[in-house]
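Student: Before anything else, here's the structure in question.
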Amino acid sequence: MIEQTHLLSDENGYKRFNHFEISDELENLLANDYFLYNTIEFNKQDLVNDLYKINFENKYNRETEKEIFNQYIDNDKFKEKAQFVYSIIDYEKYSQFVLNNPEITNANNLTIKYSILDSDGVKVQIYFISILDISFVF
């Protein structure tokens, strides 16, 4: 298990951190700067927006595929989760992973847990995603 913590903010001594817990098998999928997600140093918002447009907004027709828009594309929580995946997973690395792993039998073991941790030791889980979630948004 890979654990990574990175400072999000420090306001008068009260600190908040990104906290990732990632299955070892998914290490090769991660963007080199994944731990910067949601920080002021994060600089991939344009890429994230473009990937969402390519894989969802521009891929489907609003008139003929209304259910997809209702259930996914117009759902803010889904969009946030998809954009989280785009923020931390490197597209090229993911493409190579797919080629090298045409069949996965342990999908429930390939997970990423993202939490916010504060200086008081309180941890709030924000996302728990598996390789299935990752493959769905790509």
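The chains in the structure tokens are called A, B, ... from first to last as shown; in each chain the residues are counted from 1, and the ligands are counted from 1 in the order shown.
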Can you list, as a list in words, every protein, DNA or RNA residue that comes within 9 Å of A:Ile40 when you count only C-alpha atoms, leaving out same-chain residues fewer than 4 positions away?
Tutor: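 Here the qualifying residues turn out to be Leu8, Ser9 and Leu36 of chain A.
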Student: Could you write those residues out with N, CA and C atoms, as a short mmCIF file (atom, residue, chain, number, x, y, z; two decimals), in the first residue's frame?
Tutor:
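Final output, result.cif:
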```cif
data_model
loop_
_atom_site.label_atom_id
_atom_site.label_comp_id
_atom_site.auth_asym_id
_atom_site.auth_seq_id
_atom_site.Cartn_x
_atom_site.Cartn_y
_atom_site.Cartn_z
N LEU A 8 -2.26 20.79 2.12
CA LEU A 8 -3.24 21.56 1.35
C LEU A 8 -3.27 23.02 1.80
N SER A 9 -3.33 23.22 3.11
CA SER A 9 -3.42 24.58 3.64
C SER A 9 -2.91 24.61 5.07
N LEU A 36 -0.54 16.60 -5.73
CA LEU A 36 -0.84 18.03 -5.75
C LEU A 36 -2.32 18.32 -5.98
#
```
Student: Hey, what does DSSP flag as alpha helix (DSSP H) within stretch 7-117 of chain A? Can you give it to me as an MDAnalysis selection string?
Tutor: chainID A and resid 45:52 66:68 76:88 91:100
Student: Compile the contact shell of A:Asn106 as a list of chain:residue names: residues with an atom at most 12 Å away, counting only C-alpha atoms, same-chain residues fewer than 4 positions apart removed.
Tutor: A:Ser23, A:Glu25, A:Asn101, A:Leu110, A:Thr111, A:Ser130, A:Ile131, A:Leu132
Student: Just the selected residues (N, CA, C and O atoms), exported as a PDB file, in the first residue's frame, please.
Tutor:
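So selection_1.pdb came out as:
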```pdb
ATOM      1  N   SER A  23      -3.338   1.170  -3.783  1.00  0.00           N
ATOM      2  CA  SER A  23      -2.838  -0.194  -3.978  1.00  0.00           C
ATOM      3  C   SER A  23      -1.536  -0.138  -4.758  1.00  0.00           C
ATOM      4  O   SER A  23      -1.412   0.617  -5.727  1.00  0.00           O
ATOM      5  N   GLU A  25      -0.357  -2.037  -6.919  1.00  0.00           N
ATOM      6  CA  GLU A  25      -0.527  -2.383  -8.329  1.00  0.00           C
ATOM      7  C   GLU A  25      -0.932  -1.183  -9.192  1.00  0.00           C
ATOM      8  O   GLU A  25      -0.794  -1.225 -10.413  1.00  0.00           O
ATOM      9  N   ASN A 101      -2.778  -5.499 -19.384  1.00  0.00           N
ATOM     10  CA  ASN A 101      -3.691  -6.229 -18.490  1.00  0.00           C
ATOM     11  C   ASN A 101      -5.059  -6.382 -19.142  1.00  0.00           C
ATOM     12  O   ASN A 101      -6.030  -5.750 -18.712  1.00  0.00           O
ATOM     13  N   LEU A 110      -7.785  -3.327  -6.369  1.00  0.00           N
ATOM     14  CA  LEU A 110      -7.046  -2.243  -7.012  1.00  0.00           C
ATOM     15  C   LEU A 110      -7.774  -0.929  -6.732  1.00  0.00           C
ATOM     16  O   LEU A 110      -8.664  -0.531  -7.472  1.00  0.00           O
ATOM     17  N   THR A 111      -7.392  -0.272  -5.644  1.00  0.00           N
ATOM     18  CA  THR A 111      -8.167   0.870  -5.161  1.00  0.00           C
ATOM     19  C   THR A 111      -7.296   2.087  -4.831  1.00  0.00           C
ATOM     20  O   THR A 111      -6.095   1.963  -4.577  1.00  0.00           O
ATOM     21  N   SER A 130     -12.064   2.333  -7.449  1.00  0.00           N
ATOM     22  CA  SER A 130     -11.375   1.112  -7.867  1.00  0.00           C
ATOM     23  C   SER A 130     -11.000   1.238  -9.333  1.00  0.00           C
ATOM     24  O   SER A 130     -11.364   2.202 -10.005  1.00  0.00           O
ATOM     25  N   ILE A 131     -10.317   0.247  -9.829  1.00  0.00           N
ATOM     26  CA  ILE A 131      -9.954   0.224 -11.243  1.00  0.00           C
ATOM     27  C   ILE A 131     -11.209   0.253 -12.115  1.00  0.00           C
ATOM     28  O   ILE A 131     -11.177   0.765 -13.238  1.00  0.00           O
ATOM     29  N   LEU A 132     -12.323  -0.245 -11.606  1.00  0.00           N
ATOM     30  CA  LEU A 132     -13.581  -0.194 -12.356  1.00  0.00           C
ATOM     31  C   LEU A 132     -14.034   1.247 -12.565  1.00  0.00           C
ATOM     32  O   LEU A 132     -14.475   1.611 -13.655  1.00  0.00           O
TER      33      LEU A 132
END
```
Student: Taking only chain A into account, list the residues labelled strand (DSSP E or B) by DSSP (computed from the backbone), as a PyMOL selection string.
Tutor: chain A and resi 2-11+14-22+30+89+111-118+123-130
Student: Could the residues in this selection be saved with N, CA, C and O atoms as a compact mmCIF listing (two decimals), in the first residue's frame?
Tutor:
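That gives us selection_8.txt:
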```txt
# COMPACT_ATOMS: atom_id res chain seq x y z
N ILE A 2 0.59 2.15 -0.90
CA ILE A 2 1.29 3.43 -0.99
C ILE A 2 0.49 4.45 -0.20
O ILE A 2 -0.72 4.58 -0.39
N GLU A 3 1.15 5.17 0.69
CA GLU A 3 0.49 6.26 1.42
C GLU A 3 1.25 7.54 1.13
O GLU A 3 2.47 7.57 1.20
N GLN A 4 0.52 8.57 0.77
CA GLN A 4 1.12 9.86 0.45
C GLN A 4 0.29 10.95 1.09
O GLN A 4 -0.94 10.95 0.96
N THR A 5 0.96 11.86 1.79
CA THR A 5 0.29 13.00 2.41
C THR A 5 0.97 14.27 1.91
O THR A 5 2.20 14.32 1.80
N HIS A 6 0.16 15.27 1.59
CA HIS A 6 0.70 16.54 1.08
C HIS A 6 -0.12 17.69 1.64
O HIS A 6 -1.35 17.63 1.67
N LEU A 7 0.56 18.74 2.07
CA LEU A 7 -0.09 19.90 2.68
C LEU A 7 -1.02 20.60 1.69
O LEU A 7 -0.62 20.94 0.58
N LEU A 8 -2.26 20.79 2.12
CA LEU A 8 -3.24 21.56 1.35
C LEU A 8 -3.27 23.02 1.80
O LEU A 8 -3.28 23.93 0.99
N SER A 9 -3.33 23.22 3.11
CA SER A 9 -3.42 24.58 3.64
C SER A 9 -2.91 24.61 5.07
O SER A 9 -2.88 23.60 5.77
N ASP A 10 -2.49 25.81 5.46
CA ASP A 10 -2.04 26.07 6.84
C ASP A 10 -2.58 27.43 7.24
O ASP A 10 -2.08 28.46 6.79
N GLU A 11 -3.63 27.41 8.03
CA GLU A 11 -4.27 28.65 8.46
C GLU A 11 -4.14 28.77 9.97
O GLU A 11 -4.82 28.06 10.71
N TYR A 14 -3.56 25.57 11.86
CA TYR A 14 -4.49 24.49 11.54
C TYR A 14 -4.19 24.02 10.12
O TYR A 14 -4.41 24.75 9.16
N LYS A 15 -3.67 22.82 10.02
CA LYS A 15 -3.23 22.31 8.73
C LYS A 15 -4.20 21.27 8.19
O LYS A 15 -4.78 20.50 8.96
N ARG A 16 -4.33 21.28 6.86
CA ARG A 16 -5.11 20.27 6.17
C ARG A 16 -4.21 19.63 5.12
O ARG A 16 -3.42 20.32 4.48
N PHE A 17 -4.37 18.32 4.96
CA PHE A 17 -3.52 17.56 4.06
C PHE A 17 -4.34 16.70 3.11
O PHE A 17 -5.40 16.18 3.50
N ASN A 18 -3.84 16.53 1.88
CA ASN A 18 -4.30 15.44 1.02
C ASN A 18 -3.73 14.17 1.61
O ASN A 18 -2.56 14.15 2.02
N HIS A 19 -4.51 13.12 1.65
CA HIS A 19 -4.01 11.84 2.13
C HIS A 19 -4.48 10.75 1.16
O HIS A 19 -5.69 10.55 0.98
N PHE A 20 -3.53 10.10 0.52
CA PHE A 20 -3.83 9.05 -0.44
C PHE A 20 -3.39 7.70 0.11
O PHE A 20 -2.32 7.60 0.70
N GLU A 21 -4.22 6.69 -0.10
CA GLU A 21 -3.86 5.29 0.17
C GLU A 21 -4.16 4.53 -1.12
O GLU A 21 -5.31 4.45 -1.55
N ILE A 22 -3.10 4.01 -1.73
CA ILE A 22 -3.20 3.48 -3.09
C ILE A 22 -2.62 2.07 -3.14
O ILE A 22 -1.52 1.82 -2.62
N LEU A 30 -0.31 6.32 -11.81
CA LEU A 30 -0.39 7.65 -11.22
C LEU A 30 0.41 8.69 -12.00
O LEU A 30 1.51 8.42 -12.48
N ILE A 89 -4.64 10.24 -12.41
CA ILE A 89 -4.23 9.13 -13.28
C ILE A 89 -3.66 9.70 -14.57
O ILE A 89 -4.26 10.55 -15.20
N THR A 111 -7.39 -0.27 -5.64
CA THR A 111 -8.17 0.87 -5.16
C THR A 111 -7.30 2.09 -4.83
O THR A 111 -6.10 1.96 -4.58
N ILE A 112 -7.96 3.21 -4.82
CA ILE A 112 -7.38 4.47 -4.38
C ILE A 112 -8.36 5.09 -3.39
O ILE A 112 -9.54 5.25 -3.70
N LYS A 113 -7.84 5.39 -2.22
CA LYS A 113 -8.65 6.06 -1.21
C LYS A 113 -8.06 7.46 -1.00
O LYS A 113 -6.87 7.60 -0.75
N TYR A 114 -8.91 8.47 -1.17
CA TYR A 114 -8.47 9.85 -0.98
C TYR A 114 -9.24 10.45 0.19
O TYR A 114 -10.47 10.40 0.24
N SER A 115 -8.48 11.03 1.11
CA SER A 115 -9.07 11.65 2.29
C SER A 115 -8.44 13.01 2.53
O SER A 115 -7.36 13.31 2.02
N ILE A 116 -9.13 13.80 3.33
CA ILE A 116 -8.56 15.05 3.85
C ILE A 116 -8.24 14.77 5.31
O ILE A 116 -9.08 14.27 6.07
N LEU A 117 -7.01 15.08 5.67
CA LEU A 117 -6.51 14.85 7.03
C LEU A 117 -6.16 16.21 7.61
O LEU A 117 -5.58 17.04 6.92
N ASP A 118 -6.52 16.44 8.88
CA ASP A 118 -6.15 17.72 9.47
C ASP A 118 -5.14 17.55 10.59
O ASP A 118 -4.83 16.43 11.00
N LYS A 123 -9.65 12.54 9.96
CA LYS A 123 -9.54 12.16 8.56
C LYS A 123 -10.94 11.93 8.01
O LYS A 123 -11.72 11.17 8.59
N VAL A 124 -11.23 12.60 6.88
CA VAL A 124 -12.53 12.48 6.24
C VAL A 124 -12.29 11.89 4.85
O VAL A 124 -11.60 12.50 4.03
N GLN A 125 -12.86 10.71 4.62
CA GLN A 125 -12.71 10.08 3.31
C GLN A 125 -13.59 10.79 2.29
O GLN A 125 -14.78 10.97 2.51
N ILE A 126 -12.97 11.18 1.16
CA ILE A 126 -13.68 11.88 0.11
C ILE A 126 -14.03 10.91 -1.02
O ILE A 126 -15.17 10.88 -1.49
N TYR A 127 -13.05 10.12 -1.46
CA TYR A 127 -13.27 9.18 -2.56
C TYR A 127 -12.67 7.82 -2.23
O TYR A 127 -11.60 7.74 -1.61
N PHE A 128 -13.36 6.81 -2.65
CA PHE A 128 -12.85 5.44 -2.65
C PHE A 128 -13.16 4.90 -4.04
O PHE A 128 -14.33 4.66 -4.36
N ILE A 129 -12.14 4.79 -4.86
CA ILE A 129 -12.35 4.37 -6.24
C ILE A 129 -11.55 3.10 -6.52
O ILE A 129 -10.52 2.85 -5.90
N SER A 130 -12.06 2.33 -7.45
CA SER A 130 -11.38 1.11 -7.87
C SER A 130 -11.00 1.24 -9.33
O SER A 130 -11.36 2.20 -10.01
```
Student: Hey, which of A:Thr64, A:Phe35, A:Leu29, A:Asn12 ends up closest to A:Lys93? Count only C-alpha atoms.
Tutor: A:Leu29
Student: What does the structure give for the distance between atom CA of A:Phe97 and atom CA of A:Leu47, in Å to one decimal?
Tutor: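 One can read the atom CA of A:Phe97 to atom CA of A:Leu47 distance as 20.0 Å.
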Student: Mind pulling up the distance from atom CA of A:Asp24 to atom CA of A:Ile54?
Tutor: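 Between these atoms lies a distance of 28.8 Å.
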Student: Applying 9 Å and only C-alpha atoms, which residues near A:Val85 remain after dropping the ones on its own chain fewer than 3 positions away? List them as a PyMOL selection string.
Tutor: chain A and resi 48+80-82+88-89+129+133-134+137
Student: Could you tell me how far atom CA of A:Asn61 sits from atom CA of A:Asp76, in Å to one decimal place?
Tutor: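 So the answer is 18.4 Å.
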